[in-house]
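Let me begin by presenting the structure, written as C-alpha cells, before commenting on it.
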Amino acid sequence: MGSAARSVARLLTHRVSLRVIGVVVGAVFVYASLDKIAYPDRFADVLNDYQMLPLLAINPIALVMPWVEMVTGCALILGVWRRGAGLIATGLTVVFLVGIAQAEIRGLDIECGCFDVSGMSSTKASWNLFVRDIPLLLGAMLVWRKA
Amino acid sequence: MQILVRLLTTFPQAARAAALLAAALVLSAACNAVNPLGIPWLPSAGGHVGIPRAYESRLPEINAAEAFALYQPEEAVFVDSRDREDYERDHIPGAINVPMREWAEVWPEKESQLPREALLVLYCYGAHCGLSTRQGKWLLALGYSNLRVLDYGWSEWTKAGYPTVQHPSDGGT
C-alpha cells in the first residue's frame with residue numbers, strides 16, 4: 001500500500017498536477033459566481049432559505065460572496081497567489097459543505113443555489129451535492145498546502 | 001498593528017488571501033452600484049432581503065383596510081402566496097393560490113389566471129413573511145407592474161374580521 005499511496009501523492013503534488021488542479025478548481029468557482037453576480041437578489045433569497053444567517057448579514061453576503069468566488073477563481077486559473085487563493089477556496093468549500101449538511105439534517109427542502117439561482121432550477125441541497133463538493137475541497141486544500 | 005504585520009509576514013498566504021477578499025469587497029460594491037438588479041446592503045424597510053433597489057417602490061405595502069377597499073369593488077385580484085394546505089384550509093374568497101415555496105412547479109399552470117395588466121394584491125402568513133414580497137419580485141421581473149403587498153398578510157386580514165372562506169368545496173382538507 002505504502003508505495004502506491006506515495007506514488008499517488010507524488011503525482012498529485014507534482015508541479016504540473018497542482019497547476020491543472022488549480023485551473024479546474026478556479027474554473028468551477030468562476031462559473032459558480034456568474035449567475036450570483038448577475039442576480040444578487042435571487043442569491044439573497046437562496047441564502048435566506050438556508051436559514052443559517054441573521055437577516056442583516058444576508059444582503060451583504062449575497063453581494064460579496066460571489067465576488068470572492070470570482071476573484072479566487074481567477075487567481076487560481078491565472079496561477080497568481082495560488083496558496084492564498086487556495087486558502088480562500090478551502091474556506092468557501094467548507095462553508096458550502098456546512099450549509100448543505102445543516103439543510104439536510106434539518107430537513108430543509110431548498111434550492112442548492114450552487115451554480116444556478118434562476119429560481120427555476122430543480123437542484124436541491126442534498127447529500128449528493130455534499131459528496132460532489134468533496135473533490136472540490138480536496139483540490140482546494142492541495143493547492144493551498146502544496147502549491 | 002505590529003502584531004498584525006508580524007502575522008502577515010509569518011503567514012504570507014493569509015495576507016494574500018486577505019488582499020483577495022478586499023478586492024472582492026471593492027468589486028462587489030462597484031458592481032452592485034451599477035447592476036440594475038442591485039440590492040441595498042441592509043434589509044428594506046419592511047425587513048425583507050433580496051429586493052432590488054429598483055423594485056422597492058414598485059412593491060408598496062398596504063394594510064388590511066386598504067386591501068379591503070380594493071377587494072370590495074373587485075378591483076384587484078388577490079394572490080395567496082402561502083402553501084397549498086393552508087390555502088385549502090381557508091383563504092380570502094376569490095384569491096388565487098400561487099404557493100411561493102413551489103413557485104417553479106406551479107407558475108406555468110397559474111400564469112394564465114393572472115392577467116398582466118391586473119392589479120394584484122399579494123398576501124402570505126403574517127409579520128415578516130417574505131413570501132409575498134419575493135413573489136412580487138418575480139412577478140415584476142415577468143412584466144407585471146401593478147402590485148401591492150398586504151402588510152402582515154393573512155393574520156391582519158382575519159384580525160380585522162374581513163371575509164374568508166373555510167373548507168371550500170373545490171378541494172377542502
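Chain labels run A, B, ... following the order of the C-alpha cells; each chain numbers its residues from 1, and ligands are numbered from 1 in the order shown.
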Report the closest atom pair, with its distance in Å rounded to one decimal, for each residue of chain B that has an atom no farther than 7 Å from chain A; count only C-alpha atoms, sort by chain and then rising residue number, and write it as JSON lines.
```
{"residue": "B:Gln13", "atom": "CA", "partner": "A:Gly84", "partner_atom": "CA", "distance": 4.3}
{"residue": "B:Ala14", "atom": "CA", "partner": "A:Gly84", "partner_atom": "CA", "distance": 6.0}
{"residue": "B:Arg16", "atom": "CA", "partner": "A:Gly84", "partner_atom": "CA", "distance": 5.2}
{"residue": "B:Ala17", "atom": "CA", "partner": "A:Gly84", "partner_atom": "CA", "distance": 4.4}
{"residue": "B:Leu20", "atom": "CA", "partner": "A:Val71", "partner_atom": "CA", "distance": 6.6}
{"residue": "B:Leu21", "atom": "CA", "partner": "A:Val68", "partner_atom": "CA", "distance": 6.1}
{"residue": "B:Ala24", "atom": "CA", "partner": "A:Trp67", "partner_atom": "CA", "distance": 4.9}
{"residue": "B:Leu25", "atom": "CA", "partner": "A:Val64", "partner_atom": "CA", "distance": 5.7}
{"residue": "B:Leu27", "atom": "CA", "partner": "A:Trp67", "partner_atom": "CA", "distance": 6.9}
{"residue": "B:Ser28", "atom": "CA", "partner": "A:Val64", "partner_atom": "CA", "distance": 5.4}
{"residue": "B:Leu37", "atom": "CA", "partner": "A:Tyr39", "partner_atom": "CA", "distance": 6.4}
{"residue": "B:Gly38", "atom": "CA", "partner": "A:Pro40", "partner_atom": "CA", "distance": 6.6}
{"residue": "B:Ile39", "atom": "CA", "partner": "A:Asp41", "partner_atom": "CA", "distance": 6.2}
{"residue": "B:Trp41", "atom": "CA", "partner": "A:Pro60", "partner_atom": "CA", "distance": 5.4}
{"residue": "B:Leu42", "atom": "CA", "partner": "A:Leu56", "partner_atom": "CA", "distance": 6.1}
{"residue": "B:Pro43", "atom": "CA", "partner": "A:Leu56", "partner_atom": "CA", "distance": 6.4}
{"residue": "B:Val49", "atom": "CA", "partner": "A:Asn59", "partner_atom": "CA", "distance": 6.2}
{"residue": "B:Gly50", "atom": "CA", "partner": "A:Asp41", "partner_atom": "CA", "distance": 4.0}
{"residue": "B:Ile51", "atom": "CA", "partner": "A:Asp41", "partner_atom": "CA", "distance": 5.7}
{"residue": "B:Pro52", "atom": "CA", "partner": "A:Asp41", "partner_atom": "CA", "distance": 6.0}
{"residue": "B:Ala104", "atom": "CA", "partner": "A:Met120", "partner_atom": "CA", "distance": 5.0}
```
Just to be explicit: take each residue in the selection above, keep N, CA and C atoms, and write the result as a short mmCIF file (atom, residue, chain, number, x, y, z; two decimals), in the first residue's frame.
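Printed below is again_24.cif as written:
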```cif
data_model
loop_
_atom_site.label_atom_id
_atom_site.label_comp_id
_atom_site.auth_asym_id
_atom_site.auth_seq_id
_atom_site.Cartn_x
_atom_site.Cartn_y
_atom_site.Cartn_z
N GLN B 13 0.54 33.76 2.91
CA GLN B 13 -0.65 33.32 2.18
C GLN B 13 -1.91 33.92 2.78
N ALA B 14 -1.90 34.10 4.13
CA ALA B 14 -3.06 34.72 4.77
C ALA B 14 -3.16 36.18 4.34
N ARG B 16 -2.17 37.38 1.51
CA ARG B 16 -2.67 37.41 0.13
C ARG B 16 -4.15 37.07 0.08
N ALA B 17 -4.56 36.13 0.90
CA ALA B 17 -5.99 35.80 0.98
C ALA B 17 -6.77 37.04 1.40
N LEU B 20 -7.09 39.38 -1.49
CA LEU B 20 -8.11 38.91 -2.44
C LEU B 20 -9.52 39.22 -1.93
N LEU B 21 -9.72 39.01 -0.62
CA LEU B 21 -11.03 39.30 -0.04
C LEU B 21 -11.35 40.79 -0.15
N ALA B 24 -12.41 41.55 -3.59
CA ALA B 24 -13.79 41.09 -3.81
C ALA B 24 -14.78 42.10 -3.25
N LEU B 25 -14.45 42.66 -2.09
CA LEU B 25 -15.33 43.64 -1.45
C LEU B 25 -15.49 44.88 -2.33
N LEU B 27 -14.88 45.16 -5.59
CA LEU B 27 -15.56 44.83 -6.84
C LEU B 27 -17.06 44.64 -6.64
N SER B 28 -17.44 44.01 -5.52
CA SER B 28 -18.87 43.79 -5.29
C SER B 28 -19.59 45.11 -5.10
N LEU B 37 -30.21 45.18 -11.06
CA LEU B 37 -30.82 44.33 -10.04
C LEU B 37 -30.08 44.45 -8.70
N GLY B 38 -29.29 45.50 -8.57
CA GLY B 38 -28.52 45.70 -7.33
C GLY B 38 -29.43 45.78 -6.12
N ILE B 39 -28.93 45.28 -4.99
CA ILE B 39 -29.74 45.26 -3.77
C ILE B 39 -29.11 46.17 -2.73
N TRP B 41 -27.54 47.25 0.90
CA TRP B 41 -26.68 46.47 1.79
C TRP B 41 -27.42 46.05 3.05
N LEU B 42 -28.49 46.76 3.37
CA LEU B 42 -29.28 46.40 4.56
C LEU B 42 -30.67 45.97 4.10
N PRO B 43 -31.39 45.23 4.96
CA PRO B 43 -32.75 44.84 4.59
C PRO B 43 -33.61 46.09 4.33
N VAL B 49 -35.20 40.91 2.62
CA VAL B 49 -33.89 40.88 1.99
C VAL B 49 -34.05 40.44 0.53
N GLY B 50 -33.03 40.76 -0.26
CA GLY B 50 -33.02 40.29 -1.64
C GLY B 50 -33.98 41.04 -2.56
N ILE B 51 -34.41 42.23 -2.17
CA ILE B 51 -35.28 43.02 -3.04
C ILE B 51 -34.42 44.08 -3.74
N PRO B 52 -34.34 44.03 -5.08
CA PRO B 52 -33.54 45.03 -5.79
C PRO B 52 -33.99 46.45 -5.43
N ALA B 104 -41.53 27.31 -8.90
CA ALA B 104 -41.09 26.80 -10.20
C ALA B 104 -42.07 25.76 -10.74
#
```
When you look at B:Gly46 with a cut-off of 10 Å (counting only C-alpha atoms), what residues show up, excluding the ones that are within fewer than 2 positions of it in the same chain? I need them as a PyMOL selection string. chain B and resi 43-44+48-49+56+60-61+127-128+130+133+151
For the selection just defined, write its residues with N, CA and C atoms to a file, as an mmCIF file, in the first residue's frame.
```cif
data_model
loop_
_atom_site.group_PDB
_atom_site.id
_atom_site.type_symbol
_atom_site.label_atom_id
_atom_site.label_comp_id
_atom_site.auth_asym_id
_atom_site.auth_seq_id
_atom_site.Cartn_x
_atom_site.Cartn_y
_atom_site.Cartn_z
ATOM 1 N N PRO B 43 -31.388 45.231 4.958
ATOM 2 C CA PRO B 43 -32.754 44.843 4.586
ATOM 3 C C PRO B 43 -33.609 46.086 4.328
ATOM 4 N N SER B 44 -34.629 45.952 3.482
ATOM 5 C CA SER B 44 -35.501 47.084 3.187
ATOM 6 C C SER B 44 -36.367 47.416 4.401
ATOM 7 N N HIS B 48 -37.353 43.022 4.571
ATOM 8 C CA HIS B 48 -37.146 41.985 3.558
ATOM 9 C C HIS B 48 -35.736 42.063 2.988
ATOM 10 N N VAL B 49 -35.201 40.911 2.623
ATOM 11 C CA VAL B 49 -33.885 40.884 1.988
ATOM 12 C C VAL B 49 -34.047 40.445 0.534
ATOM 13 N N GLU B 56 -38.096 48.334 -4.914
ATOM 14 C CA GLU B 56 -38.696 48.602 -3.601
ATOM 15 C C GLU B 56 -39.946 49.463 -3.706
ATOM 16 N N PRO B 60 -45.424 48.330 -3.152
ATOM 17 C CA PRO B 60 -45.920 49.062 -1.991
ATOM 18 C C PRO B 60 -46.673 48.140 -1.035
ATOM 19 N N GLU B 61 -46.451 48.374 0.255
ATOM 20 C CA GLU B 61 -47.162 47.579 1.264
ATOM 21 C C GLU B 61 -48.419 48.329 1.670
ATOM 22 N N ALA B 127 -46.611 38.791 9.861
ATOM 23 C CA ALA B 127 -45.427 39.625 10.020
ATOM 24 C C ALA B 127 -44.171 38.880 9.564
ATOM 25 N N HIS B 128 -43.346 39.589 8.830
ATOM 26 C CA HIS B 128 -42.055 39.064 8.361
ATOM 27 C C HIS B 128 -42.183 37.824 7.486
ATOM 28 N N GLY B 130 -41.867 36.724 4.164
ATOM 29 C CA GLY B 130 -41.301 37.340 2.970
ATOM 30 C C GLY B 130 -41.794 36.738 1.665
ATOM 31 N N THR B 133 -43.532 39.217 -0.835
ATOM 32 C CA THR B 133 -42.608 40.197 -1.384
ATOM 33 C C THR B 133 -41.705 39.536 -2.421
ATOM 34 N N ASP B 151 -49.471 44.032 3.987
ATOM 35 C CA ASP B 151 -48.631 44.042 5.170
ATOM 36 C C ASP B 151 -49.261 43.114 6.232
#
```
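Proximity ranking of A:Ala4, A:Ile77, A:Val25, A:Ala9 relative to A:Pro135 places A:Val25 first, based on only C-alpha atoms.
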Selection: 12 Å around stretch 152-165 of chain B, only C-alpha atoms, excl. self and same-chain fewer than 3 positions, as JSON, numbers by chain: {"B": [46, 47, 61, 62, 63, 64, 65, 66, 67, 68, 69, 71, 72, 78, 79, 80, 81, 82, 86, 87, 88, 89, 90, 91, 92, 93, 94, 95, 121, 122, 123, 124, 125, 126, 127, 128, 129, 130, 131, 132, 133, 148, 149, 168, 169, 170, 171, 172]}
Writer output for current selection, C-alpha atoms, as an mmCIF file, in the first residue's frame:
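This is the output file part_36.cif:
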```cif
data_model
loop_
_atom_site.group_PDB
_atom_site.id
_atom_site.type_symbol
_atom_site.label_atom_id
_atom_site.label_comp_id
_atom_site.auth_asym_id
_atom_site.auth_seq_id
_atom_site.Cartn_x
_atom_site.Cartn_y
_atom_site.Cartn_z
ATOM 1 C CA GLY B 46 -40.290 46.072 5.587
ATOM 2 C CA GLY B 47 -37.487 43.832 6.860
ATOM 3 C CA GLU B 61 -47.162 47.579 1.264
ATOM 4 C CA ILE B 62 -50.775 48.220 2.168
ATOM 5 C CA ASN B 63 -52.667 47.428 5.356
ATOM 6 C CA ALA B 64 -55.774 45.277 5.673
ATOM 7 C CA ALA B 65 -58.202 48.221 5.405
ATOM 8 C CA GLU B 66 -56.570 49.409 2.196
ATOM 9 C CA ALA B 67 -56.650 45.888 0.831
ATOM 10 C CA PHE B 68 -60.326 45.566 1.727
ATOM 11 C CA ALA B 69 -61.030 48.829 -0.109
ATOM 12 C CA TYR B 71 -61.394 43.909 -2.506
ATOM 13 C CA GLN B 72 -64.963 45.160 -2.236
ATOM 14 C CA PHE B 78 -55.870 38.574 -4.609
ATOM 15 C CA VAL B 79 -52.921 36.211 -4.741
ATOM 16 C CA ASP B 80 -52.311 33.825 -1.843
ATOM 17 C CA SER B 81 -48.568 33.012 -1.660
ATOM 18 C CA ARG B 82 -48.974 30.521 1.188
ATOM 19 C CA ASP B 86 -53.058 26.470 4.203
ATOM 20 C CA TYR B 87 -54.937 27.866 1.230
ATOM 21 C CA GLU B 88 -57.159 24.814 1.185
ATOM 22 C CA ARG B 89 -57.961 25.251 4.875
ATOM 23 C CA ASP B 90 -59.070 28.869 4.491
ATOM 24 C CA HIS B 91 -58.337 31.897 2.350
ATOM 25 C CA ILE B 92 -59.641 35.224 1.136
ATOM 26 C CA PRO B 93 -62.644 34.485 -1.119
ATOM 27 C CA GLY B 94 -61.663 34.594 -4.773
ATOM 28 C CA ALA B 95 -57.940 34.558 -4.054
ATOM 29 C CA VAL B 121 -52.731 42.105 -4.046
ATOM 30 C CA LEU B 122 -50.279 39.558 -2.673
ATOM 31 C CA TYR B 123 -50.551 38.110 0.806
ATOM 32 C CA CYS B 124 -48.916 35.420 2.881
ATOM 33 C CA TYR B 125 -48.980 34.428 6.555
ATOM 34 C CA GLY B 126 -48.199 37.482 8.620
ATOM 35 C CA ALA B 127 -45.427 39.625 10.020
ATOM 36 C CA HIS B 128 -42.055 39.064 8.361
ATOM 37 C CA CYS B 129 -43.478 36.534 5.957
ATOM 38 C CA GLY B 130 -41.301 37.340 2.970
ATOM 39 C CA LEU B 131 -43.048 35.008 0.538
ATOM 40 C CA SER B 132 -45.349 37.643 -0.978
ATOM 41 C CA THR B 133 -42.608 40.197 -1.384
ATOM 42 C CA ARG B 148 -49.493 45.597 -3.731
ATOM 43 C CA VAL B 149 -48.296 43.557 -0.785
ATOM 44 C CA PRO B 168 -64.058 25.446 0.158
ATOM 45 C CA SER B 169 -65.939 22.807 -1.802
ATOM 46 C CA ASP B 170 -63.396 22.866 -4.635
ATOM 47 C CA GLY B 171 -60.766 20.943 -2.719
ATOM 48 C CA GLY B 172 -61.171 21.112 1.047
#
```
Please run DSSP on the backbone and report, as a ChimeraX atom specification, all residues within stretch 112-143 of chain B that come out as strand (DSSP E). /B:119-123
File dump, residues just selected, N, CA and C atoms, as a short mmCIF file (atom, residue, chain, number, x, y, z; two decimals), in the first residue's frame:
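Output contents, as saved in result-v7.cif:
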```cif
data_model
loop_
_atom_site.label_atom_id
_atom_site.label_comp_id
_atom_site.auth_asym_id
_atom_site.auth_seq_id
_atom_site.Cartn_x
_atom_site.Cartn_y
_atom_site.Cartn_z
N LEU B 119 -54.51 44.52 -11.29
CA LEU B 119 -53.95 44.94 -10.01
C LEU B 119 -53.93 43.70 -9.11
N LEU B 120 -52.76 43.33 -8.67
CA LEU B 120 -52.62 42.12 -7.85
C LEU B 120 -52.30 42.51 -6.40
N VAL B 121 -53.04 41.93 -5.47
CA VAL B 121 -52.73 42.11 -4.05
C VAL B 121 -52.19 40.77 -3.53
N LEU B 122 -50.93 40.79 -3.11
CA LEU B 122 -50.28 39.56 -2.67
C LEU B 122 -50.32 39.47 -1.16
N TYR B 123 -50.62 38.27 -0.65
CA TYR B 123 -50.55 38.11 0.81
C TYR B 123 -49.99 36.75 1.17
#
```
Just asking: which residues within stretch 9-55 of chain A are alpha helix (DSSP H) according to DSSP, as an NGL selection string? :A and (9-12 or 15-38 or 40-49 or 55)
Kindly give the distance, in Å, that separates atom CA of B:Pro99 and atom CA of B:Leu142, rounded to a single decimal.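 Straight-line distance from atom CA of B:Pro99 to atom CA of B:Leu142 works out to 16.7 Å.
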Contacts of A:Glu104 at 9 Å or less, counting only C-alpha atoms, minus same-chain residues fewer than 6 places along, as a ChimeraX atom specification? /A:125-127
Dump as an mmCIF file, in the first residue's frame, selection limited to C-alpha atoms:
```cif
data_model
loop_
_atom_site.group_PDB
_atom_site.id
_atom_site.type_symbol
_atom_site.label_atom_id
_atom_site.label_comp_id
_atom_site.auth_asym_id
_atom_site.auth_seq_id
_atom_site.Cartn_x
_atom_site.Cartn_y
_atom_site.Cartn_z
ATOM 1 C CA ALA A 125 -29.434 20.947 -1.487
ATOM 2 C CA SER A 126 -28.779 17.260 -0.856
ATOM 3 C CA TRP A 127 -26.199 14.749 0.324
#
```
